[in-house]
Amino acid sequence: MSFRNVRPHTKTIESFDIQNIKIDKSPAGQLYHHQFTPDIGVAKISFWFPCGTNDQFRPFIASAAFDLLLAGSNKYTEKQIVEQIDYWGASVSCEAGVLGSTVTLRCKKEVALDLIQWVVQNTSQAIYPEDQIENYKFVKSGGLERRMQTPGYWSERNAKEKYYKGSQLGVFGNLQDIESLKKEEIVAFHMKHIDYGKAMIFISGDIDSKECLSIMNFTDTLFSSAFSITVPKCEKFKASEQTSKHNIKNSSQVSMYLMKHIGEINEKTQHSLTLLNLVLGGYFGSRLMQELREKQGLTYGIGSSFCPAFDGRTWSISGEMNSDNTQKALVETMQIMNHLKTELIDENELEKAKRYYSGSFRSGFDGPFSSALKCQHLILRGLDDDHFRNTLPTIWSLTSIDIQQVANEYLEVSEFEVSLAGNI
Amino acid sequence: MIEINRFVLKNGLRVVHQHDASVSTVVLNTLYNVGARDENEDRTGFAHLFEHLMFAGSENVESFDQEIEEAGGQNNAFTNNEYTNYYISVPVENVETAFWLESDRMLALNINAESLSVQQGVVIEEFKQRCFNAPFGMLWHHVRELLYKKSSYRWPTIGLSFEHIENASLEDVKSFYNKFYLPQNAVLSVVGNLPLVECKSLCKKWFESIEKQGDSNQNKYINEPFPSEKRELYAEDLSPNDAVFLIWRGPSFNDDASLVLDVFADMLGGSDVSELQEILVKKEQLCNAAECFYLRGLGEGMFMLYGILNPGVEKTLVEKRLIEVLNGFIDKGLENKFLFESTQNKAYTGLLFEMINPLTRAQKLALWEHMGDVNGINHESEKIKSLNLENVLLAASQYFKTENVSVIHYSPKN
């Protein structure tokens, strides 16, 4: 027998030496997190603002306010601001999320403080010039029109609009909403929400504690009140009884989208649900991927995933397939969901999912920029800074019965909004 | 500078290794010297179809993905016109599983009628999703059709049509594997928390005994001259707006001019306040997107300059303005000095960020080794710093001439 016949022994990742994710307070009271990695020569600094699309009163206001932050200040034009950033070899991205939004700077370590000062000064004094807003409308509309030609866009949008009716999570916006954007609305959003004095700061990369202190000395001059984010109380949503159908004549496929909202959950439930999601459609070895793609070749991609807490915590299942196979794929997807409720997961299958989950969890701590997202998770969920020490023991303590219990509580097919779009 | 170790196994497999004790994982990246340019014109899309088959199991492994996931790792692959690249990232404790899997599918892939039929279905759905259901989905078909008449660069990686995938026989597929999936036609890079001694020992155990008959791919292709005339193509496709694409062929990665033209493209269109953006999107409001890039291919490169039009704008006007902006930018000469230095600085910072990720490092190491000099990775930043503006503008003026441009006039399909 060849040595190749014998699978090498694999170890499970059940523990590792994990540092606490520490959230510090500057002398003025600003919250910040610092992760130092020497000798890499670069830094990443993020400002996290406790605002987002959840705070806008109509579509696209929050994204316009962030997208146009560098479009001109009371002292400099967009060209002057961006040319200086480019000259430092740096990049700045501004992104509006649902509950929180970020301005992220990436640069060589030597220019970090100058860059921070430049970006903060200009973006906090952003004036949103009319001509830039007009250009923005063209660019934004073009992008939206292109997305609107894909079945995937419509299946997700129709499902969320129906399911989240009345909530910001179900607001997508149309071309007319972009066309009617007004400067005063964008400025008002900025004035009310984009305040560096209330932001939380993540400093990571090749910035030592002395350099970090210099940065915090500068940002402390802006301090107004400590970062605080309010996670809205979980609303109750209900799926409609009818499948949405959106016909796109020229399409050669149909996009299938099933979704529901997952409200506040405790840690054990969170990890049980993550394992359930992996078994359902969260990785290549999942039932959906194996059954619909690898055994039957019905689809290129099918899977299920959770949207993070700060983006609404939607649980979705989606895939694209040939029109002729849509009904078959939908029925089989629902059967797989039902089966997870009625039958205990085999121990081997659960062990595989745990191994994958724990391996991914640990590798998520690798690299110089790894802990900022974890910090956000702690804050949004009000967890202690040693929280992640408990993750692996919790994952490994879960049983098939735990997974079946969460399946029965959360995986009821009738609670999922179902939407199809394409050549139906 | 990163410290690189390189060795060659008896069977010709080249291995590059870099030890990084700061991470908890190891990446194994395997590059095979085979891409879409190696396909027969009646059997296009094969290299990509084959990429899918490589996950269908091998002589001693039933399910590749499930073994990796059980080891707590992740994997994937991609194919382009010039090579096929597979990667695995695993916790260091389970690195031997990655060696086992990667070597087993190099040794003897389990190709059978059933796995072929399933993956044909998957790839056909991918073809439809990418080419028929996405705006500008057929762009690369049109680009390659216009730029090449004889060369095997004239089809995109996904293939000319999905019928080629449908018609692939088991024999076709087996012969493709036997011809290209040889140790002497591959590079393995190993990056992560694995010391050199252990890496060598694992390579010897799992890879060195793989002996396969055949020669490495000599990469001999029809050498089709660059177009000497203007070429035009009118295409209808899924898109909400008209668009104009201007394309020129250019030098290969190993040619110094390739980096020069890459920097030029970044100067012209690589910023929110680039000349292209400022003139065509903001000042004249002809386009809702105007961009350019230089694709640094191993065999040859390609420069694409394009605009997606605002409603009511004429394509002929945008074509004219794209050319004028390009030429006007070159004619500005030394006025572009500040912009040139900014672009150099951005490229340098970009390299520093790229080198942080072990997966990116592993892929770049394999690529540089494949191109003949793995240490090239350590000289990229010097090369960027040593460029001068005059040479950048001169190269652009030599390669991107109005008289040999290829133009695609894109219109929405009704």
# chains A, B, ... in the order shown; residues from 1 in each chain; ligands from 1

call {"tool": "residues_around", "arguments": {"residues": "A:Gln132", "least_positions_apart": "3", "cutoff": "9 Å", "atoms": "only C-alpha atoms", "output": "list in words"}}
result
Leu68, Ala71, Gly72, Glu78, Tyr128, Pro129, Asn135, Tyr136 and Lys137 of chain A; Lys282 of chain B

call {"tool": "closest_atom_pairs", "arguments": {"of": "chain A", "to": "chain B", "cutoff": "7 Å", "atoms": "only C-alpha atoms", "output": "Markdown table"}}
result
| residue | atom | partner | partner_atom | distance |
| --- | --- | --- | --- | --- |
| A:Arg4 | CA | B:Asn60 | CA | 6.5 |
| A:Asn5 | CA | B:Asn60 | CA | 5.6 |
| A:Pro8 | CA | B:Thr97 | CA | 5.7 |
| A:Thr10 | CA | B:Asn94 | CA | 5.3 |
| A:Lys11 | CA | B:Asn94 | CA | 6.4 |
| A:Val42 | CA | B:Leu352 | CA | 6.9 |
| A:Lys79 | CA | B:Val273 | CA | 5.7 |
| A:Val82 | CA | B:Val273 | CA | 6.9 |
| A:Asp86 | CA | B:Ser342 | CA | 5.3 |
| A:Tyr87 | CA | B:Ser342 | CA | 4.0 |
| A:Trp88 | CA | B:Asn345 | CA | 6.5 |
| A:Gly89 | CA | B:Lys346 | CA | 3.7 |
| A:Ala90 | CA | B:Lys346 | CA | 6.2 |
| A:Cys107 | CA | B:Thr349 | CA | 6.6 |
| A:Lys108 | CA | B:Thr349 | CA | 6.2 |
| A:Asn135 | CA | B:Lys282 | CA | 5.7 |
| A:Phe138 | CA | B:Asn288 | CA | 5.4 |
| A:Val139 | CA | B:Asn288 | CA | 4.5 |
| A:Gly142 | CA | B:Asn288 | CA | 5.9 |
| A:Glu145 | CA | B:Pro240 | CA | 6.1 |
| A:Arg146 | CA | B:Pro135 | CA | 6.0 |
| A:Gln149 | CA | B:Pro135 | CA | 6.8 |
| A:Thr150 | CA | B:Ala134 | CA | 5.8 |
| A:Ser251 | CA | B:Asn133 | CA | 5.9 |
| A:Ser252 | CA | B:Lys128 | CA | 6.6 |
| A:Phe284 | CA | B:Asp65 | CA | 6.5 |
| A:Gly285 | CA | B:Gln66 | CA | 5.4 |
| A:Arg293 | CA | B:Val122 | CA | 6.6 |
| A:Glu294 | CA | B:Val118 | CA | 6.6 |
| A:Lys295 | CA | B:Val118 | CA | 6.5 |
| A:Gln296 | CA | B:Val118 | CA | 6.0 |
| A:Gly297 | CA | B:Val118 | CA | 4.6 |
| A:Leu298 | CA | B:Gly121 | CA | 6.4 |
| A:Thr299 | CA | B:Val122 | CA | 5.5 |
| A:Tyr300 | CA | B:Val122 | CA | 4.8 |
| A:Met321 | CA | B:Glu125 | CA | 6.5 |
| A:Asn322 | CA | B:Glu125 | CA | 6.9 |
| A:Lys352 | CA | B:Glu70 | CA | 4.8 |
| A:Arg355 | CA | B:Gly72 | CA | 5.1 |
| A:Tyr356 | CA | B:Gly72 | CA | 4.1 |
| A:Tyr357 | CA | B:Gly72 | CA | 7.0 |
| A:Ser358 | CA | B:Gly72 | CA | 6.7 |
| A:Gly359 | CA | B:Gly72 | CA | 4.1 |
| A:Ser360 | CA | B:Gly72 | CA | 6.5 |
| A:Ser363 | CA | B:Ser24 | CA | 6.3 |
| A:Asp366 | CA | B:Val23 | CA | 5.4 |
| A:Gly367 | CA | B:Val23 | CA | 6.9 |

call {"tool": "residues_around", "arguments": {"residues": "B:Leu317", "least_positions_apart": "4", "cutoff": "10 Å", "atoms": "only C-alpha atoms", "output": "ChimeraX atom specification"}}
result
/B:244,286,313,321-322

call {"tool": "select_by_dssp", "arguments": {"residues": "stretch 147-262 of chain B", "states": "strand (DSSP E or B)", "output": "list in words"}}
result
Ala186, Val187, Leu188, Ser189, Val190, Val191, Gly192, Arg231, Glu232, Leu233, Tyr234, Ala235, Glu236, Asp237, Ala243, Val244, Phe245, Leu246, Ile247, Trp248, Arg249 and Gly250 of chain B

call {"tool": "atom_distance", "arguments": {"atom1": "atom CA of B:Ser216", "atom2": "atom CA of B:Leu13"}}
result
10.3 Å

call {"tool": "residues_around", "arguments": {"residues": "A:Gly152", "least_positions_apart": "4", "cutoff": "12 Å", "atoms": "only C-alpha atoms", "output": "PyMOL selection string"}}
result
(chain A and resi 146-148+156-159+246-248+251+253-258+301-302+317-321+419-423) or (chain B and resi 129-130+133-134)

call {"tool": "write_last_selection", "arguments": {"atoms": "C-alpha atoms", "output": "PDB file, in the first residue's frame"}}
result
ATOM      1  CA  ARG A 146     -25.628  48.457 -14.740  1.00  0.00           C
ATOM      2  CA  ARG A 147     -26.475  46.598 -11.535  1.00  0.00           C
ATOM      3  CA  MET A 148     -30.162  46.771 -12.459  1.00  0.00           C
ATOM      4  CA  GLU A 156     -32.166  40.458  -3.616  1.00  0.00           C
ATOM      5  CA  ARG A 157     -33.886  43.811  -3.903  1.00  0.00           C
ATOM      6  CA  ASN A 158     -37.397  42.401  -4.322  1.00  0.00           C
ATOM      7  CA  ALA A 159     -36.958  40.063  -1.378  1.00  0.00           C
ATOM      8  CA  HIS A 246     -39.263  39.543 -11.661  1.00  0.00           C
ATOM      9  CA  ASN A 247     -39.035  38.753 -15.337  1.00  0.00           C
ATOM     10  CA  ILE A 248     -35.954  39.806 -17.300  1.00  0.00           C
ATOM     11  CA  SER A 251     -31.644  36.822 -19.334  1.00  0.00           C
ATOM     12  CA  GLN A 253     -30.680  32.385 -16.096  1.00  0.00           C
ATOM     13  CA  VAL A 254     -32.775  32.874 -12.997  1.00  0.00           C
ATOM     14  CA  SER A 255     -31.434  34.212  -9.732  1.00  0.00           C
ATOM     15  CA  MET A 256     -32.941  32.696  -6.588  1.00  0.00           C
ATOM     16  CA  TYR A 257     -32.839  34.562  -3.260  1.00  0.00           C
ATOM     17  CA  LEU A 258     -34.251  33.463   0.096  1.00  0.00           C
ATOM     18  CA  GLY A 301     -22.565  29.294  -7.471  1.00  0.00           C
ATOM     19  CA  ILE A 302     -24.997  28.667  -4.652  1.00  0.00           C
ATOM     20  CA  ILE A 317     -29.440  31.799   0.482  1.00  0.00           C
ATOM     21  CA  SER A 318     -28.773  32.633  -3.150  1.00  0.00           C
ATOM     22  CA  GLY A 319     -27.756  31.135  -6.451  1.00  0.00           C
ATOM     23  CA  GLU A 320     -28.071  31.506 -10.210  1.00  0.00           C
ATOM     24  CA  MET A 321     -29.218  28.698 -12.455  1.00  0.00           C
ATOM     25  CA  SER A 419     -37.653  35.882  -4.689  1.00  0.00           C
ATOM     26  CA  LEU A 420     -36.816  34.877  -8.259  1.00  0.00           C
ATOM     27  CA  ALA A 421     -35.550  37.134 -11.030  1.00  0.00           C
ATOM     28  CA  GLY A 422     -34.490  36.463 -14.596  1.00  0.00           C
ATOM     29  CA  ASN A 423     -35.996  34.535 -17.454  1.00  0.00           C
TER      30      ASN A 423
ATOM     31  CA  GLN B 129     -23.671  34.175 -15.654  1.00  0.00           C
ATOM     32  CA  ARG B 130     -20.506  36.015 -16.641  1.00  0.00           C
ATOM     33  CA  ASN B 133     -26.199  38.115 -17.564  1.00  0.00           C
ATOM     34  CA  ALA B 134     -23.692  40.820 -16.714  1.00  0.00           C
TER      35      ALA B 134
END

call {"tool": "residues_around", "arguments": {"residues": "A:Arg389", "least_positions_apart": "5", "cutoff": "12 Å", "atoms": "only C-alpha atoms", "output": "PyMOL selection string"}}
result
chain A and resi 14-21+361-362+365+383-384+394-395

call {"tool": "write_last_selection", "arguments": {"atoms": "N, CA and C atoms", "output": "CSV table (one decimal), in the first residue's frame"}}
result
chain,number,residue,atom,x,y,z
A,14,GLU,N,-8.2,23.8,18.6
A,14,GLU,CA,-9.1,24.0,19.8
A,14,GLU,C,-8.8,25.1,20.7
A,15,SER,N,-7.6,25.6,20.6
A,15,SER,CA,-7.2,26.8,21.4
A,15,SER,C,-6.0,27.4,20.7
A,16,PHE,N,-5.7,28.6,21.1
A,16,PHE,CA,-4.4,29.3,20.7
A,16,PHE,C,-4.3,30.5,21.6
A,17,ASP,N,-3.0,30.9,21.6
A,17,ASP,CA,-2.7,32.0,22.5
A,17,ASP,C,-3.2,33.3,21.9
A,18,ILE,N,-4.3,33.8,22.3
A,18,ILE,CA,-5.0,34.9,21.7
A,18,ILE,C,-4.9,36.1,22.6
A,19,GLN,N,-4.4,37.2,22.0
A,19,GLN,CA,-4.3,38.4,22.8
A,19,GLN,C,-5.7,39.1,23.0
A,20,ASN,N,-5.9,39.7,24.1
A,20,ASN,CA,-7.2,40.5,24.2
A,20,ASN,C,-7.2,41.6,23.2
A,21,ILE,N,-8.4,41.8,22.7
A,21,ILE,CA,-8.6,42.9,21.7
A,21,ILE,C,-8.9,44.2,22.6
A,361,PHE,N,-11.4,30.9,12.0
A,361,PHE,CA,-11.4,31.8,13.1
A,361,PHE,C,-10.0,32.2,13.5
A,362,ARG,N,-9.1,31.2,13.6
A,362,ARG,CA,-7.8,31.5,14.1
A,362,ARG,C,-7.0,32.3,13.0
A,365,PHE,N,-7.0,36.1,12.8
A,365,PHE,CA,-6.2,36.9,13.7
A,365,PHE,C,-4.8,37.2,13.1
A,383,LEU,N,-19.6,43.3,24.1
A,383,LEU,CA,-18.8,42.1,24.6
A,383,LEU,C,-17.5,42.6,25.3
A,384,ASP,N,-17.0,41.7,26.2
A,384,ASP,CA,-15.8,42.0,26.9
A,384,ASP,C,-14.6,41.8,26.0
A,394,THR,N,-16.3,27.3,22.9
A,394,THR,CA,-17.8,27.2,22.7
A,394,THR,C,-18.0,26.4,21.4
A,395,ILE,N,-17.3,26.7,20.3
A,395,ILE,CA,-17.5,26.0,19.1
A,395,ILE,C,-17.4,24.5,19.3

call {"tool": "residues_around", "arguments": {"residues": "A:Asp67", "least_positions_apart": "3", "cutoff": "10 Å", "atoms": "only C-alpha atoms", "output": "number ranges by chain"}}
result
A: 61-64, 70-71, 93-96, 103, 136

call {"tool": "write_last_selection", "arguments": {"atoms": "N, CA and C atoms", "output": "PDB file, in the first residue's frame"}}
result
ATOM      1  N   ILE A  61     -28.523  59.495   0.570  1.00  0.00           N
ATOM      2  CA  ILE A  61     -27.976  60.679   1.242  1.00  0.00           C
ATOM      3  C   ILE A  61     -26.672  60.312   1.974  1.00  0.00           C
ATOM      4  N   ALA A  62     -26.716  59.220   2.747  1.00  0.00           N
ATOM      5  CA  ALA A  62     -25.528  58.849   3.532  1.00  0.00           C
ATOM      6  C   ALA A  62     -24.371  58.494   2.600  1.00  0.00           C
ATOM      7  N   SER A  63     -24.659  57.726   1.556  1.00  0.00           N
ATOM      8  CA  SER A  63     -23.546  57.343   0.672  1.00  0.00           C
ATOM      9  C   SER A  63     -22.999  58.563  -0.056  1.00  0.00           C
ATOM     10  N   ALA A  64     -23.852  59.510  -0.458  1.00  0.00           N
ATOM     11  CA  ALA A  64     -23.347  60.725  -1.117  1.00  0.00           C
ATOM     12  C   ALA A  64     -22.482  61.522  -0.137  1.00  0.00           C
ATOM     13  N   LEU A  70     -14.195  63.948  -0.125  1.00  0.00           N
ATOM     14  CA  LEU A  70     -12.938  64.538  -0.617  1.00  0.00           C
ATOM     15  C   LEU A  70     -13.174  65.476  -1.803  1.00  0.00           C
ATOM     16  N   ALA A  71     -14.440  65.802  -2.069  1.00  0.00           N
ATOM     17  CA  ALA A  71     -14.755  66.553  -3.290  1.00  0.00           C
ATOM     18  C   ALA A  71     -14.545  68.058  -3.165  1.00  0.00           C
ATOM     19  N   SER A  93     -10.325  55.783   1.470  1.00  0.00           N
ATOM     20  CA  SER A  93     -11.647  55.330   1.032  1.00  0.00           C
ATOM     21  C   SER A  93     -12.690  55.716   2.078  1.00  0.00           C
ATOM     22  N   CYS A  94     -13.842  56.141   1.582  1.00  0.00           N
ATOM     23  CA  CYS A  94     -14.918  56.589   2.467  1.00  0.00           C
ATOM     24  C   CYS A  94     -16.140  55.724   2.157  1.00  0.00           C
ATOM     25  N   GLU A  95     -16.691  55.095   3.158  1.00  0.00           N
ATOM     26  CA  GLU A  95     -17.759  54.138   2.878  1.00  0.00           C
ATOM     27  C   GLU A  95     -18.877  54.212   3.913  1.00  0.00           C
ATOM     28  N   ALA A  96     -20.095  54.369   3.420  1.00  0.00           N
ATOM     29  CA  ALA A  96     -21.249  54.408   4.330  1.00  0.00           C
ATOM     30  C   ALA A  96     -21.809  52.996   4.498  1.00  0.00           C
ATOM     31  N   VAL A 103     -13.974  56.100   7.294  1.00  0.00           N
ATOM     32  CA  VAL A 103     -13.000  56.761   6.430  1.00  0.00           C
ATOM     33  C   VAL A 103     -11.684  56.055   6.727  1.00  0.00           C
ATOM     34  N   TYR A 136     -21.490  63.478  -9.665  1.00  0.00           N
ATOM     35  CA  TYR A 136     -21.718  62.281  -8.838  1.00  0.00           C
ATOM     36  C   TYR A 136     -23.012  61.590  -9.270  1.00  0.00           C
TER      37      TYR A 136
END

call {"tool": "select_by_dssp", "arguments": {"residues": "stretch 252-365 of chain A", "states": "helix (DSSP H, G or I)", "output": "VMD selection string"}}
result
chain A and resid 267 to 282 287 to 295 309 to 311 323 to 342 347 to 363

call {"tool": "write_last_selection", "arguments": {"atoms": "C-alpha atoms", "output": "mmCIF file, in the first residue's frame"}}
result
data_model
loop_
_atom_site.group_PDB
_atom_site.id
_atom_site.type_symbol
_atom_site.label_atom_id
_atom_site.label_comp_id
_atom_site.auth_asym_id
_atom_site.auth_seq_id
_atom_site.Cartn_x
_atom_site.Cartn_y
_atom_site.Cartn_z
ATOM 1 C CA GLU A 267 -22.983 33.698 21.847
ATOM 2 C CA LYS A 268 -23.940 30.054 21.899
ATOM 3 C CA THR A 269 -26.728 30.647 19.406
ATOM 4 C CA GLN A 270 -24.407 32.718 17.226
ATOM 5 C CA HIS A 271 -21.879 29.891 16.934
ATOM 6 C CA SER A 272 -24.606 27.261 16.521
ATOM 7 C CA LEU A 273 -26.125 29.302 13.705
ATOM 8 C CA THR A 274 -22.738 29.765 12.065
ATOM 9 C CA LEU A 275 -22.197 26.000 12.082
ATOM 10 C CA LEU A 276 -25.728 25.440 10.783
ATOM 11 C CA ASN A 277 -25.065 27.952 8.008
ATOM 12 C CA LEU A 278 -21.809 26.189 7.083
ATOM 13 C CA VAL A 279 -23.587 22.864 6.786
ATOM 14 C CA LEU A 280 -26.403 24.451 4.793
ATOM 15 C CA GLY A 281 -24.450 26.537 2.281
ATOM 16 C CA GLY A 282 -21.590 28.382 3.947
ATOM 17 C CA ARG A 287 -25.128 20.490 1.412
ATOM 18 C CA LEU A 288 -26.317 23.104 -1.085
ATOM 19 C CA MET A 289 -22.955 23.287 -2.837
ATOM 20 C CA GLN A 290 -22.432 19.547 -2.899
ATOM 21 C CA GLU A 291 -25.960 18.587 -3.917
ATOM 22 C CA LEU A 292 -26.844 21.303 -6.425
ATOM 23 C CA ARG A 293 -23.443 22.063 -7.890
ATOM 24 C CA GLU A 294 -21.083 19.151 -7.385
ATOM 25 C CA LYS A 295 -23.567 16.318 -7.851
ATOM 26 C CA ALA A 309 -24.480 42.776 12.645
ATOM 27 C CA PHE A 310 -23.530 46.325 11.570
ATOM 28 C CA ASP A 311 -25.035 45.682 8.118
ATOM 29 C CA SER A 323 -34.312 28.775 -16.115
ATOM 30 C CA ASP A 324 -35.304 25.131 -16.647
ATOM 31 C CA ASN A 325 -33.706 24.134 -13.372
ATOM 32 C CA THR A 326 -35.113 26.876 -11.170
ATOM 33 C CA GLN A 327 -38.034 25.011 -9.721
ATOM 34 C CA LYS A 328 -35.948 21.940 -9.076
ATOM 35 C CA ALA A 329 -33.248 24.001 -7.337
ATOM 36 C CA LEU A 330 -35.791 25.857 -5.217
ATOM 37 C CA VAL A 331 -37.549 22.664 -4.137
ATOM 38 C CA GLU A 332 -34.275 20.950 -3.302
ATOM 39 C CA THR A 333 -33.050 23.982 -1.356
ATOM 40 C CA MET A 334 -36.188 23.927 0.759
ATOM 41 C CA GLN A 335 -35.870 20.180 1.257
ATOM 42 C CA ILE A 336 -32.315 20.634 2.506
ATOM 43 C CA MET A 337 -33.541 23.342 4.900
ATOM 44 C CA ASN A 338 -36.326 21.108 6.191
ATOM 45 C CA HIS A 339 -34.055 18.149 6.537
ATOM 46 C CA LEU A 340 -31.762 20.108 8.851
ATOM 47 C CA LYS A 341 -34.752 20.604 11.140
ATOM 48 C CA THR A 342 -35.996 17.052 11.163
ATOM 49 C CA GLU A 347 -21.231 13.712 13.847
ATOM 50 C CA ASN A 348 -18.688 13.583 11.025
ATOM 51 C CA GLU A 349 -20.389 16.355 9.130
ATOM 52 C CA LEU A 350 -20.536 18.523 12.230
ATOM 53 C CA GLU A 351 -16.897 17.809 13.038
ATOM 54 C CA LYS A 352 -15.905 18.911 9.521
ATOM 55 C CA ALA A 353 -17.801 22.163 9.907
ATOM 56 C CA LYS A 354 -16.203 22.794 13.311
ATOM 57 C CA ARG A 355 -12.740 22.150 11.924
ATOM 58 C CA TYR A 356 -13.321 24.586 9.099
ATOM 59 C CA TYR A 357 -14.860 27.198 11.387
ATOM 60 C CA SER A 358 -12.067 27.010 13.966
ATOM 61 C CA GLY A 359 -9.332 27.118 11.291
ATOM 62 C CA SER A 360 -10.888 30.210 9.709
ATOM 63 C CA PHE A 361 -11.410 31.791 13.108
ATOM 64 C CA ARG A 362 -7.753 31.478 14.051
ATOM 65 C CA SER A 363 -6.379 32.616 10.689
#

call {"tool": "residues_around", "arguments": {"residues": "A:Gly173", "least_positions_apart": "2", "cutoff": "10 Å", "atoms": "only C-alpha atoms", "output": "number ranges by chain"}}
result
A: 58-60, 144, 157, 170-171, 175-178

call {"tool": "closest_residue", "arguments": {"among": "B:Lys150, B:Lys212, B:Ala168, B:Leu139", "to": "B:Ala108", "atoms": "only C-alpha atoms"}}
result
B:Lys212

call {"tool": "closest_residue", "arguments": {"among": "A:Tyr153, A:Phe49, A:Tyr164, A:Tyr196", "to": "A:Asn122", "atoms": "only C-alpha atoms"}}
result
A:Tyr196

call {"tool": "atom_distance", "arguments": {"atom1": "atom CA of A:Asn408", "atom2": "atom CA of A:Lys260"}}
result
14.2 Å

call {"tool": "closest_residue", "arguments": {"among": "A:Asn390, A:His193, A:Gln376, A:Ser400", "to": "A:Ile345", "atoms": "only C-alpha atoms"}}
result
A:Ser400
